[in-house]
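Next up, model_35.cif (mmCIF, C-alpha atoms):
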data_run
#
loop_
_atom_site.label_atom_id
_atom_site.label_comp_id
_atom_site.auth_asym_id
_atom_site.auth_seq_id
_atom_site.Cartn_x
_atom_site.Cartn_y
_atom_site.Cartn_z
CA MET Q 1044 -5.94 -183.90 -7.25
CA ARG Q 1045 -8.95 -181.73 -6.60
CA ARG Q 1046 -7.30 -179.51 -4.09
CA LEU Q 1047 -8.87 -176.32 -5.37
CA ARG Q 1048 -7.55 -180.20 -9.49
CA ALA Q 1049 -0.34 -181.45 -32.75
CA CYS Q 1050 -2.92 -183.50 -34.66
CA LEU Q 1051 -2.27 -187.11 -33.72
CA GLY Q 1052 -2.55 -188.63 -37.18
CA ALA Q 1053 -2.06 -192.40 -37.38
CA ALA Q 1054 -1.38 -192.76 -33.66
CA ALA Q 1055 -4.74 -191.18 -32.86
CA ALA Q 1056 -6.49 -193.45 -35.32
CA VAL Q 1057 -5.03 -196.56 -33.69
CA ALA Q 1058 -5.93 -195.37 -30.21
CA LEU Q 1059 -9.38 -194.34 -31.35
CA ALA Q 1060 -10.03 -197.80 -32.68
CA ALA Q 1061 -8.77 -199.30 -29.43
CA ALA Q 1062 -11.04 -197.08 -27.37
CA GLY Q 1063 -14.09 -198.03 -29.39
CA THR Q 1064 -17.28 -196.11 -29.92
CA THR Q 1065 -19.82 -198.32 -28.19
CA ALA Q 1066 -22.15 -196.09 -26.26
CA LEU Q 1067 -25.19 -196.14 -24.05
CA VAL Q 1068 -28.15 -194.16 -25.33
CA ALA Q 1069 -30.10 -192.80 -22.40
CA GLY Q 1070 -32.61 -190.08 -21.67
CA ASN Q 1071 -32.35 -187.03 -19.50
CA ALA Q 1072 -34.71 -184.30 -18.41
CA SER Q 1073 -34.60 -182.76 -21.88
CA GLY Q 1074 -34.90 -185.98 -23.84
CA ALA Q 1075 -32.61 -188.61 -25.36
CA THR Q 1076 -29.09 -187.70 -26.37
CA THR Q 1077 -26.69 -189.42 -28.73
CA ALA Q 1078 -23.35 -190.34 -27.21
CA LEU Q 1079 -20.02 -189.11 -28.47
CA SER Q 1080 -17.21 -191.54 -29.26
CA ASN Q 1081 -15.40 -192.92 -26.22
CA ARG Q 1082 -12.36 -190.93 -27.30
CA TRP Q 1083 -14.15 -187.70 -26.42
CA TYR Q 1084 -15.07 -188.91 -22.92
CA ALA Q 1085 -11.42 -189.92 -22.51
CA ALA Q 1086 -10.40 -186.36 -23.38
CA ALA Q 1087 -12.95 -184.50 -21.24
CA PRO Q 1088 -11.30 -181.95 -18.91
CA TYR Q 1089 -12.79 -181.37 -15.46
CA LEU Q 1090 -15.25 -178.52 -14.96
CA MET Q 1091 -16.85 -177.47 -11.69
CA PRO Q 1092 -20.29 -176.25 -12.81
CA LEU Q 1093 -21.30 -174.68 -9.48
CA ASP Q 1094 -18.03 -173.45 -7.91
CA ASN Q 1095 -14.71 -171.76 -8.74
CA ASP Q 1096 -16.21 -169.14 -11.07
CA PRO Q 1097 -17.51 -171.61 -13.71
CA PRO Q 1098 -16.56 -170.59 -17.26
CA ASN Q 1099 -19.08 -170.60 -20.09
CA PRO Q 1100 -18.81 -174.03 -21.77
CA SER Q 1101 -20.22 -172.61 -25.00
CA ALA Q 1102 -17.34 -170.15 -25.24
CA ILE Q 1103 -14.82 -172.95 -24.66
CA MET Q 1104 -16.45 -175.11 -27.34
CA ASP Q 1105 -16.42 -172.24 -29.85
CA ALA Q 1106 -12.80 -171.32 -29.15
CA THR Q 1107 -11.29 -174.81 -29.08
CA GLY Q 1108 -13.60 -177.36 -30.67
CA LEU Q 1109 -13.93 -179.19 -27.33
CA LYS Q 1110 -17.03 -181.37 -27.10
CA ALA Q 1111 -16.83 -183.22 -23.77
CA PHE Q 1112 -16.72 -181.99 -20.18
CA GLN Q 1113 -16.02 -183.89 -16.94
CA LEU Q 1114 -18.40 -182.33 -14.39
CA ALA Q 1115 -17.23 -182.47 -10.75
CA PHE Q 1116 -17.98 -183.64 -8.05
CA ILE Q 1117 -20.70 -185.96 -6.72
CA LEU Q 1118 -20.46 -186.43 -2.94
CA ALA Q 1119 -22.57 -187.70 -0.06
CA PRO Q 1120 -24.69 -185.04 1.69
CA ASN Q 1121 -22.70 -183.01 4.20
CA GLY Q 1122 -25.20 -184.05 6.86
CA GLY Q 1123 -24.77 -187.73 6.04
CA GLY Q 1124 -26.82 -190.19 4.04
CA CYS Q 1125 -26.70 -192.26 0.88
CA SER Q 1126 -28.03 -189.88 -1.76
CA PRO Q 1127 -26.01 -188.03 -4.40
CA THR Q 1128 -25.29 -184.31 -4.18
CA TRP Q 1129 -23.12 -181.82 -5.99
CA GLY Q 1130 -20.32 -180.91 -3.60
CA GLY Q 1131 -22.18 -182.24 -0.57
CA THR Q 1132 -24.80 -179.48 -0.65
CA ALA Q 1133 -26.95 -179.51 -3.82
CA ALA Q 1134 -29.15 -182.59 -4.14
CA VAL Q 1135 -29.05 -184.20 -7.56
CA SER Q 1136 -32.73 -185.09 -7.30
CA SER Q 1137 -33.82 -181.44 -7.29
CA ASP Q 1138 -31.02 -179.99 -9.40
CA THR Q 1139 -31.79 -177.60 -12.22
CA ALA Q 1140 -28.54 -175.59 -12.34
CA VAL Q 1141 -26.24 -178.40 -13.51
CA GLN Q 1142 -28.98 -179.72 -15.78
CA SER Q 1143 -28.99 -176.34 -17.50
CA VAL Q 1144 -25.22 -176.60 -18.08
CA VAL Q 1145 -25.64 -180.12 -19.48
CA ASP Q 1146 -28.43 -178.97 -21.80
CA THR Q 1147 -26.32 -176.06 -23.05
CA ILE Q 1148 -23.41 -178.36 -23.89
CA ARG Q 1149 -25.62 -180.93 -25.61
CA ALA Q 1150 -27.42 -178.27 -27.63
CA LYS Q 1151 -24.05 -177.50 -29.25
CA GLY Q 1152 -23.34 -181.14 -30.08
CA GLY Q 1153 -21.28 -181.95 -26.98
CA ASP Q 1154 -21.80 -184.15 -23.94
CA VAL Q 1155 -20.70 -184.62 -20.34
CA SER Q 1156 -19.30 -187.22 -18.02
CA VAL Q 1157 -19.77 -186.86 -14.28
CA SER Q 1158 -17.01 -187.39 -11.73
CA ILE Q 1159 -17.66 -188.74 -8.27
CA GLY Q 1160 -15.32 -188.30 -5.33
CA GLY Q 1161 -12.34 -185.98 -5.62
CA TYR Q 1162 -10.01 -184.75 -2.92
CA GLY Q 1163 -11.69 -184.17 0.46
CA GLY Q 1164 -15.37 -184.28 1.28
CA THR Q 1165 -17.43 -187.31 2.22
CA LYS Q 1166 -17.93 -189.88 -0.53
CA LEU Q 1167 -20.95 -192.13 -1.02
CA GLY Q 1168 -18.72 -195.17 -0.67
CA GLN Q 1169 -18.12 -194.05 2.90
CA THR Q 1170 -21.77 -193.47 3.84
CA CYS Q 1171 -23.68 -196.10 1.86
CA SER Q 1172 -23.92 -199.50 3.51
CA ASP Q 1173 -22.66 -201.65 0.64
CA ALA Q 1174 -21.78 -201.70 -3.06
CA ALA Q 1175 -25.40 -202.19 -4.15
CA SER Q 1176 -26.68 -199.12 -2.29
CA THR Q 1177 -23.67 -197.10 -3.48
CA ALA Q 1178 -24.43 -198.11 -7.05
CA ALA Q 1179 -28.11 -197.22 -6.60
CA ALA Q 1180 -27.11 -193.71 -5.53
CA TYR Q 1181 -24.89 -193.28 -8.57
CA GLN Q 1182 -27.56 -194.73 -10.84
CA GLN Q 1183 -29.72 -191.76 -9.86
CA VAL Q 1184 -27.05 -189.49 -11.37
CA ILE Q 1185 -26.78 -191.57 -14.54
CA THR Q 1186 -30.55 -191.57 -14.99
CA LYS Q 1187 -31.02 -187.90 -14.11
CA TYR Q 1188 -28.54 -186.66 -16.70
CA GLY Q 1189 -28.71 -189.50 -19.23
CA LEU Q 1190 -25.00 -190.19 -18.81
CA HIS Q 1191 -22.84 -192.14 -21.23
CA ALA Q 1192 -19.71 -191.82 -19.07
CA ILE Q 1193 -18.75 -191.64 -15.41
CA ASP Q 1194 -15.49 -191.14 -13.52
CA PHE Q 1195 -14.60 -192.60 -10.11
CA ASP Q 1196 -12.07 -190.20 -8.59
CA LEU Q 1197 -10.74 -192.27 -5.69
CA GLU Q 1198 -8.23 -190.40 -3.56
CA GLU Q 1199 -7.72 -188.97 -0.08
CA PRO Q 1200 -9.19 -189.54 2.37
CA GLU Q 1201 -11.51 -192.18 0.91
CA TYR Q 1202 -8.90 -194.41 -0.68
CA GLU Q 1203 -7.40 -195.01 2.75
CA ASN Q 1204 -10.74 -196.60 3.78
CA THR Q 1205 -10.79 -200.25 2.70
CA ALA Q 1206 -14.55 -200.66 3.13
CA ALA Q 1207 -15.29 -197.48 1.18
CA ILE Q 1208 -13.07 -198.52 -1.73
CA LYS Q 1209 -14.72 -201.94 -1.78
CA ASN Q 1210 -18.09 -200.18 -2.07
CA GLU Q 1211 -16.88 -197.84 -4.82
CA ILE Q 1212 -15.27 -200.55 -6.94
CA GLY Q 1213 -18.27 -202.80 -6.41
CA ALA Q 1214 -20.60 -199.97 -7.42
CA ALA Q 1215 -18.53 -199.25 -10.54
CA LYS Q 1216 -18.82 -202.88 -11.57
CA ILE Q 1217 -22.60 -202.90 -11.01
CA LEU Q 1218 -23.05 -199.70 -13.04
CA GLN Q 1219 -20.90 -201.09 -15.83
CA GLN Q 1220 -23.07 -204.23 -15.96
CA ASN Q 1221 -26.41 -202.40 -15.71
CA ASN Q 1222 -25.59 -199.67 -18.25
CA PRO Q 1223 -24.14 -201.38 -21.33
CA GLY Q 1224 -21.63 -199.17 -23.13
CA LEU Q 1225 -21.09 -196.87 -20.15
CA TYR Q 1226 -17.57 -195.40 -20.31
CA VAL Q 1227 -15.97 -195.81 -16.87
CA SER Q 1228 -12.70 -194.23 -15.75
CA VAL Q 1229 -11.05 -194.65 -12.35
CA THR Q 1230 -8.74 -191.84 -11.28
CA THR Q 1231 -6.31 -191.97 -8.37
CA ALA Q 1232 -3.22 -190.29 -6.96
CA GLY Q 1233 0.11 -190.46 -8.80
CA THR Q 1234 3.62 -190.82 -7.39
CA ALA Q 1235 7.07 -191.03 -8.96
CA ASP Q 1236 6.69 -194.82 -8.76
CA GLY Q 1237 3.33 -194.68 -10.56
CA THR Q 1238 0.94 -194.74 -7.63
CA GLY Q 1239 1.32 -195.26 -3.91
CA TRP Q 1240 0.33 -198.03 -1.53
CA PHE Q 1241 -3.34 -197.05 -1.38
CA GLY Q 1242 -3.55 -196.78 -5.15
CA LYS Q 1243 -2.10 -200.26 -5.47
CA GLN Q 1244 -4.58 -201.60 -2.93
CA MET Q 1245 -7.39 -200.08 -5.01
CA LEU Q 1246 -6.09 -201.91 -8.08
CA LEU Q 1247 -5.96 -205.16 -6.13
CA GLU Q 1248 -9.56 -204.61 -5.01
CA ALA Q 1249 -10.59 -204.16 -8.65
CA LYS Q 1250 -8.75 -207.35 -9.56
CA SER Q 1251 -10.41 -209.31 -6.73
CA GLN Q 1252 -13.86 -208.18 -7.88
CA GLY Q 1253 -13.13 -208.90 -11.53
CA PHE Q 1254 -13.69 -205.27 -12.49
CA THR Q 1255 -11.97 -203.69 -15.48
CA PRO Q 1256 -12.87 -200.08 -16.34
CA ASN Q 1257 -12.00 -198.38 -19.60
CA ASN Q 1258 -8.95 -197.01 -17.83
CA PHE Q 1259 -7.14 -196.44 -14.57
CA SER Q 1260 -5.76 -192.89 -14.58
CA ILE Q 1261 -3.13 -191.39 -12.31
CA MET Q 1262 -2.62 -187.76 -11.34
CA PRO Q 1263 1.14 -187.09 -11.50
CA PHE Q 1264 1.27 -183.80 -9.60
CA ASP Q 1265 1.35 -182.61 -5.97
CA GLY Q 1266 4.00 -185.19 -5.22
CA GLY Q 1267 7.39 -183.69 -5.97
CA PHE Q 1268 6.97 -183.66 -9.75
CA ASN Q 1269 8.95 -181.32 -11.96
CA GLY Q 1270 7.61 -180.93 -15.48
CA ALA Q 1271 6.74 -183.43 -18.17
CA ALA Q 1272 9.74 -185.74 -17.82
CA SER Q 1273 8.78 -186.64 -14.27
CA GLN Q 1274 5.20 -187.24 -15.36
CA THR Q 1275 6.00 -189.52 -18.28
CA SER Q 1276 8.36 -191.46 -16.00
CA ALA Q 1277 5.49 -191.96 -13.54
CA LEU Q 1278 3.23 -193.11 -16.38
CA THR Q 1279 5.86 -195.65 -17.45
CA ASN Q 1280 6.11 -196.94 -13.89
CA PHE Q 1281 2.34 -197.09 -13.54
CA ASN Q 1282 2.18 -199.15 -16.71
CA SER Q 1283 4.44 -201.73 -15.03
CA ILE Q 1284 2.12 -201.77 -12.01
CA LEU Q 1285 -0.88 -202.45 -14.26
CA GLN Q 1286 1.01 -205.25 -15.97
CA SER Q 1287 2.02 -206.94 -12.74
CA THR Q 1288 -1.38 -206.49 -11.10
CA PHE Q 1289 -3.61 -207.70 -13.91
CA GLY Q 1290 -1.25 -209.89 -15.89
CA TRP Q 1291 -1.49 -207.64 -18.95
CA ASP Q 1292 1.21 -207.16 -21.54
CA GLN Q 1293 2.58 -203.65 -22.01
CA ALA Q 1294 0.27 -202.68 -24.87
CA THR Q 1295 -2.84 -203.88 -23.04
CA ALA Q 1296 -1.79 -201.96 -19.94
CA TYR Q 1297 -1.32 -198.75 -21.94
CA ALA Q 1298 -4.73 -199.28 -23.56
CA HIS Q 1299 -6.18 -199.21 -20.01
CA GLU Q 1300 -4.03 -196.33 -18.71
CA GLY Q 1301 -4.85 -192.65 -18.38
CA PHE Q 1302 -3.25 -189.33 -17.47
CA SER Q 1303 -4.96 -186.65 -15.41
CA GLY Q 1304 -2.82 -183.54 -15.04
CA MET Q 1305 -3.06 -180.14 -13.39
CA ASN Q 1306 -2.60 -177.13 -15.64
CA GLY Q 1307 -0.29 -174.35 -14.52
CA ARG Q 1308 0.70 -174.12 -10.86
CA SER Q 1309 -0.17 -177.13 -8.72
CA ASP Q 1310 -1.25 -177.03 -5.08
CA THR Q 1311 2.30 -177.71 -3.94
CA GLY Q 1312 3.94 -175.13 -6.20
CA GLU Q 1313 4.91 -177.37 -9.14
CA TYR Q 1314 4.52 -175.80 -12.58
CA PHE Q 1315 3.18 -177.53 -15.70
CA THR Q 1316 3.36 -175.37 -18.81
CA GLN Q 1317 1.75 -175.76 -22.19
CA ALA Q 1318 4.99 -177.34 -23.41
CA ASP Q 1319 4.77 -179.93 -20.62
CA PHE Q 1320 1.24 -180.81 -21.69
CA GLN Q 1321 2.39 -181.24 -25.29
CA THR Q 1322 5.15 -183.62 -24.18
CA VAL Q 1323 2.77 -185.75 -22.13
CA LEU Q 1324 0.22 -185.67 -24.96
CA ASP Q 1325 2.85 -186.99 -27.37
CA TYR Q 1326 3.71 -189.75 -24.89
CA ALA Q 1327 0.04 -190.69 -24.50
CA ALA Q 1328 -0.48 -190.80 -28.26
CA ASN Q 1329 2.70 -192.76 -28.99
CA HIS Q 1330 1.83 -195.37 -26.34
CA HIS Q 1331 -1.86 -195.53 -27.36
CA MET Q 1332 -3.08 -194.59 -23.90
CA ASP Q 1333 -6.81 -194.45 -23.24
CA ARG Q 1334 -7.22 -191.09 -21.47
CA PHE Q 1335 -5.76 -187.58 -21.33
CA THR Q 1336 -7.49 -185.05 -19.09
CA PHE Q 1337 -6.70 -182.29 -16.62
CA TRP Q 1338 -7.88 -180.30 -13.61
CA SER Q 1339 -9.45 -177.96 -14.56
CA LEU Q 1340 -11.22 -175.79 -17.11
CA ASN Q 1341 -12.08 -173.38 -14.28
CA ARG Q 1342 -8.31 -172.79 -14.09
CA ASP Q 1343 -7.64 -172.67 -17.87
CA ARG Q 1344 -7.27 -168.89 -18.06
CA GLN Q 1345 -4.71 -166.32 -17.02
CA CYS Q 1346 -4.67 -164.78 -13.55
CA THR Q 1347 -4.25 -161.06 -12.86
CA PRO Q 1348 -1.30 -160.72 -12.49
CA PRO Q 1349 -0.38 -163.81 -14.54
CA ASP Q 1350 1.58 -165.45 -11.71
CA ASN Q 1351 -1.19 -164.69 -9.18
CA GLY Q 1352 1.43 -163.54 -6.72
CA GLY Q 1353 2.99 -167.01 -6.66
CA ARG Q 1354 -0.20 -168.63 -5.38
CA THR Q 1355 -2.34 -171.47 -6.68
CA SER Q 1356 -5.91 -170.59 -7.62
CA GLY Q 1357 -9.03 -172.56 -8.36
CA THR Q 1358 -10.09 -170.02 -10.99
CA CYS Q 1359 -6.91 -169.40 -13.02
CA SER Q 1360 -3.62 -171.15 -13.80
CA SER Q 1361 -0.97 -168.83 -12.28
CA VAL Q 1362 1.04 -169.05 -15.55
CA THR Q 1363 1.08 -166.89 -18.67
CA GLN Q 1364 -1.46 -168.20 -21.17
CA ASN Q 1365 -4.33 -167.48 -23.49
CA SER Q 1366 -7.74 -168.59 -22.33
CA TRP Q 1367 -8.33 -172.32 -22.95
CA ASP Q 1368 -4.75 -173.08 -24.03
CA TYR Q 1369 -4.80 -176.36 -22.09
CA ALA Q 1370 -8.22 -177.43 -23.39
CA LYS Q 1371 -6.73 -177.57 -26.88
CA TYR Q 1372 -4.53 -180.50 -25.85
CA SER Q 1373 -7.64 -182.45 -24.91
CA VAL Q 1374 -9.10 -181.64 -28.32
CA GLN Q 1375 -5.94 -182.96 -29.97
CA PHE Q 1376 -6.07 -186.16 -27.92
CA ALA Q 1377 -9.61 -186.71 -29.17
CA GLY Q 1378 -8.16 -186.63 -32.69
CA VAL Q 1379 -9.49 -183.24 -33.73
CA THR Q 1380 -7.49 -180.19 -34.78
CA PRO Q 1381 -8.41 -177.13 -32.68
CA PRO Q 1382 -9.57 -174.00 -34.52
CA THR Q 1383 -6.60 -172.13 -35.99
CA SER Q 1384 -8.16 -168.69 -35.77
CA THR Q 1385 -7.30 -166.72 -32.66
CA PRO Q 1386 -10.47 -165.96 -30.71
CA THR Q 1387 -11.11 -162.43 -29.55
CA PRO Q 1388 -9.30 -162.02 -26.24
CA THR Q 1389 -11.53 -162.07 -23.22
CA PRO Q 1390 -11.51 -158.60 -21.63
CA THR Q 1391 -9.87 -158.42 -18.25
CA PRO Q 1392 -12.75 -158.44 -15.77
CA THR Q 1393 -13.26 -155.41 -13.60
CA PRO Q 1394 -12.42 -156.35 -10.02
CA SER Q 1395 -15.50 -156.80 -7.86
CA SER Q 1396 -16.23 -154.65 -4.83
CA CYS Q 1397 -14.47 -155.67 -1.65
CA LYS Q 1398 -16.54 -157.38 1.00
CA THR Q 1399 -16.39 -156.49 4.67
CA ALA Q 1400 -12.84 -156.80 5.93
CA TRP Q 1401 -11.84 -160.06 7.61
CA SER Q 1402 -11.62 -159.98 11.41
CA SER Q 1403 -9.50 -162.35 13.48
CA THR Q 1404 -12.09 -162.36 16.26
CA ALA Q 1405 -15.20 -162.94 14.18
CA VAL Q 1406 -16.75 -166.37 13.68
CA TYR Q 1407 -17.47 -167.30 10.05
CA THR Q 1408 -19.54 -170.17 8.68
CA ALA Q 1409 -19.71 -171.74 5.21
CA GLY Q 1410 -20.65 -169.18 2.58
CA ASN Q 1411 -19.65 -166.06 4.55
CA GLU Q 1412 -17.61 -163.62 2.46
CA VAL Q 1413 -14.84 -161.24 3.54
CA SER Q 1414 -12.04 -159.21 2.00
CA TYR Q 1415 -8.34 -159.51 2.82
CA ASN Q 1416 -5.23 -158.26 0.97
CA GLN Q 1417 -7.42 -156.80 -1.81
CA HIS Q 1418 -9.04 -160.18 -2.54
CA ASN Q 1419 -12.50 -161.42 -1.65
CA TRP Q 1420 -12.69 -164.77 0.14
CA LYS Q 1421 -15.55 -167.19 0.88
CA ALA Q 1422 -15.59 -169.49 3.90
CA LYS Q 1423 -15.77 -173.21 3.10
CA TRP Q 1424 -16.62 -174.21 6.66
CA TRP Q 1425 -16.73 -172.81 10.22
CA THR Q 1426 -13.63 -170.81 11.02
CA GLN Q 1427 -12.22 -168.26 13.42
CA ASN Q 1428 -8.79 -166.56 13.48
CA GLU Q 1429 -7.57 -168.38 10.36
CA THR Q 1430 -6.11 -165.82 7.96
CA PRO Q 1431 -7.43 -166.05 4.37
CA GLY Q 1432 -4.77 -167.40 2.05
CA ALA Q 1433 -2.42 -168.42 4.84
CA ALA Q 1434 -2.75 -172.10 3.91
CA GLU Q 1435 -3.63 -173.58 0.52
CA TRP Q 1436 -5.87 -176.06 2.27
CA GLY Q 1437 -7.33 -173.64 4.72
CA PRO Q 1438 -10.99 -172.71 5.20
CA TRP Q 1439 -11.03 -169.83 2.69
CA GLN Q 1440 -11.70 -169.94 -1.07
CA ASP Q 1441 -10.12 -167.12 -3.06
CA GLU Q 1442 -12.78 -165.34 -5.14
CA GLY Q 1443 -10.36 -163.02 -6.90
CA ALA Q 1444 -9.12 -159.45 -6.69
CA CYS Q 1445 -11.39 -156.70 -5.44
#

Just give me the structure as structure tokens.
Amino acid sequence: MRRLRACLGAAAAVALAAAGTTALVAGNASGATTALSNRWYAAAPYLMPLDNDPPNPSAIMDATGLKAFQLAFILAPNGGGCSPTWGGTAAVSSDTAVQSVVDTIRAKGGDVSVSIGGYGGTKLGQTCSDAASTAAAYQQVITKYGLHAIDFDLEEPEYENTAAIKNEIGAAKILQQNNPGLYVSVTTAGTADGTGWFGKQMLLEAKSQGFTPNNFSIMPFDGGFNGAASQTSALTNFNSILQSTFGWDQATAYAHEGFSGMNGRSDTGEYFTQADFQTVLDYAANHHMDRFTFWSLNRDRQCTPPDNGGRTSGTCSSVTQNSWDYAKYSVQFAGVTPPTSTPTPTPTPTPSSCKTAWSSTAVYTAGNEVSYNQHNWKAKWWTQNETPGAAEWGPWQDEGAC
């Protein structure tokens, strides 16, 4: 998922009651905070607070009425170890940058959940010795930010590691027990059949440990999907998997099921428009599903040009849109009508100056910046003679036109 990742009326009221509003009240560096309803945490779109040109959450809240944000991602340190970091590099223990984002959101009446894992990187379940030590690492995050919600994003390559998944599921269960009212979501890859073999093994691990989160969410994109119909079909199939795995009836399975989409152009060139999101939202509401989210708010704005030259970006959607169009579907899922007034359009940013031109013979390390094809690029790891933009999963992060 993380490769770069109408008012509901009576249906919303039923789902809201099913989700419940029990919440943990905890403190953070700036004092205690009151939790939102679970429905808001279920609707929180993903936001990378330190990478991919983070948007201003205050502006999103003002424009859409959004209150909850899913901050991503907590990983193990790049050098190894069992302590939480943002993206493998920024230690949670000494963080002030993300804390500032959290404080800004809470000052406007909102709140955050934190997501652990994501696509790529080294996860704590892989480096910590057991479930208890994995849980202890995540508890540091909960305590640091006074969290009322947490998301376990279990996908490649971690979900292919049986021991790591056992640690993650075990940690989720421990956190759920030790933090009463904590909203816990588990997110994994989606396929046309619902989820693949590794996703099913993860569900079986949860069953064997007696762990039931608020929801299991699938990501129906990057797998040969084509618009909303293919996504709702996958959600229907995933519901059957939940029923057969846990012995639930259909309604109970839907009450523990979630959708996590990708707005605009996916990593594999699929397109999901605003109309697709509306269709899936209607499906989620009609079936009283527990979660509706997407990857990501960093991408919920129009590229320049709108199609971004037929490429996928981590900072814009590659489709024609107004800023924060997709966030409004999350607001609707939470049971709130987005503001009807049209916000003042965000001015098109002036392209930044071009960095030193990329050289095929030079050696670049993480953080080095170059220019290529009138875009600036930042190295994600050591690289040499790998052309920026040649591969969506290559070593270069597109920083926009220059």

Check: Could you tell me, as number ranges by chain, which residues have any atom at most 6 Å from (-7.8, -177.0, -16.5), counting all atoms listed in the file?
Finding: Q: 1306, 1337-1340, 1342-1343

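Atom to atom, atom CA of Phe1259 of chain Q and atom CA of Gly1357 of chain Q stand 24.7 Å apart.
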
Next item on the list: Measuring atom to atom with all atoms listed in the file, identify which of Q:Tyr1181, Q:Tyr1202, Q:Phe1195, Q:Trp1129 is nearest to Gln1169 of chain Q.
Entry: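 Checking each candidate against Gln1169 of chain Q, we get Q:Tyr1202 as the closest.
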
Next item on the list: Point out the residue among Q:Gly1432, Q:Pro1120, Q:Pro1098, Q:Pro1256 with the least atom-to-atom distance to Thr1132 of chain Q, counting all atoms listed in the file.
Entry: Q:Pro1120

Next item on the list: Please write the residues picked by the PyMOL selection byres ((chain Q and resi 1082-1093) around 8) on this file as a PyMOL selection string.
Entry: chain Q and resi 1059+1062-1064+1079-1081+1094-1097+1110-1116+1140-1141+1144+1155-1156+1192+1226+1333-1341+1370+1373-1374+1376-1377

Report as an mmCIF file with C-alpha atoms, in the coordinates of the input all protein, DNA and RNA residues lying within 7 Å of segment 1415-1418 of chain Q, evaluated on all atoms listed in the file, omitting residues in the same chain fewer than 5 positions from it.
data_model
loop_
_atom_site.group_PDB
_atom_site.id
_atom_site.type_symbol
_atom_site.label_atom_id
_atom_site.label_comp_id
_atom_site.auth_asym_id
_atom_site.auth_seq_id
_atom_site.Cartn_x
_atom_site.Cartn_y
_atom_site.Cartn_z
ATOM 1 C CA ALA Q 1400 -12.840 -156.800 5.930
ATOM 2 C CA TRP Q 1401 -11.840 -160.060 7.610
ATOM 3 C CA PRO Q 1431 -7.430 -166.050 4.370
ATOM 4 C CA GLU Q 1442 -12.780 -165.340 -5.140
ATOM 5 C CA GLY Q 1443 -10.360 -163.020 -6.900
ATOM 6 C CA ALA Q 1444 -9.120 -159.450 -6.690
ATOM 7 C CA CYS Q 1445 -11.390 -156.700 -5.440
#

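Comparing Q:Gln1286, Q:Thr1408, Q:Ser1361, Q:Asn1099 by their smallest distance to Thr1147 of chain Q, the closest is Q:Asn1099 (using only C-alpha atoms).
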
Next item on the list: Name all residues at most 9 Å from Ala1178 of chain Q (count all atoms listed in the file; drop same-chain ones fewer than 4 positions away) and give them as a ChimeraX atom specification.
Entry: /Q:1173-1174,1182-1183,1210-1211,1213-1218

Margin query: Calculated over only C-alpha atoms, which of the candidates Q:Ala1409, Q:Leu1278, Q:Ile1284, Q:Ile1103 has the smallest distance to Val1323 of chain Q?
Written below: Q:Leu1278

Note to self: Between Q:Tyr1326, Q:Tyr1297, Q:Phe1241, Q:Trp1367, which residue has the minimum interatomic distance to Pro1382 of chain Q, considering only C-alpha atoms?
What the structure shows: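 Comparing Q:Tyr1326, Q:Tyr1297, Q:Phe1241, Q:Trp1367 against Pro1382 of chain Q, the winner is Q:Trp1367.
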
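Across Q:Gly1270, Q:Pro1200, Q:Gly1224, Q:Gly1242, the tightest approach to Asn1257 of chain Q is made by Q:Gly1224 when counting all atoms listed in the file.
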
Next item on the list: To one decimal in Å, tell me the separation between atom CA of Trp1424 of chain Q and atom CA of Asp1194 of chain Q.
Entry: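 Taking atom CA of Trp1424 of chain Q and atom CA of Asp1194 of chain Q, their separation equals 26.4 Å.
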
Checklist line | Chain and number of each residue from the PyMOL selection byres ((chain Q and resi 1253) around 10), as a PyMOL selection string | finding: chain Q and resi 1212-1213+1216+1247-1252+1254-1255+1289
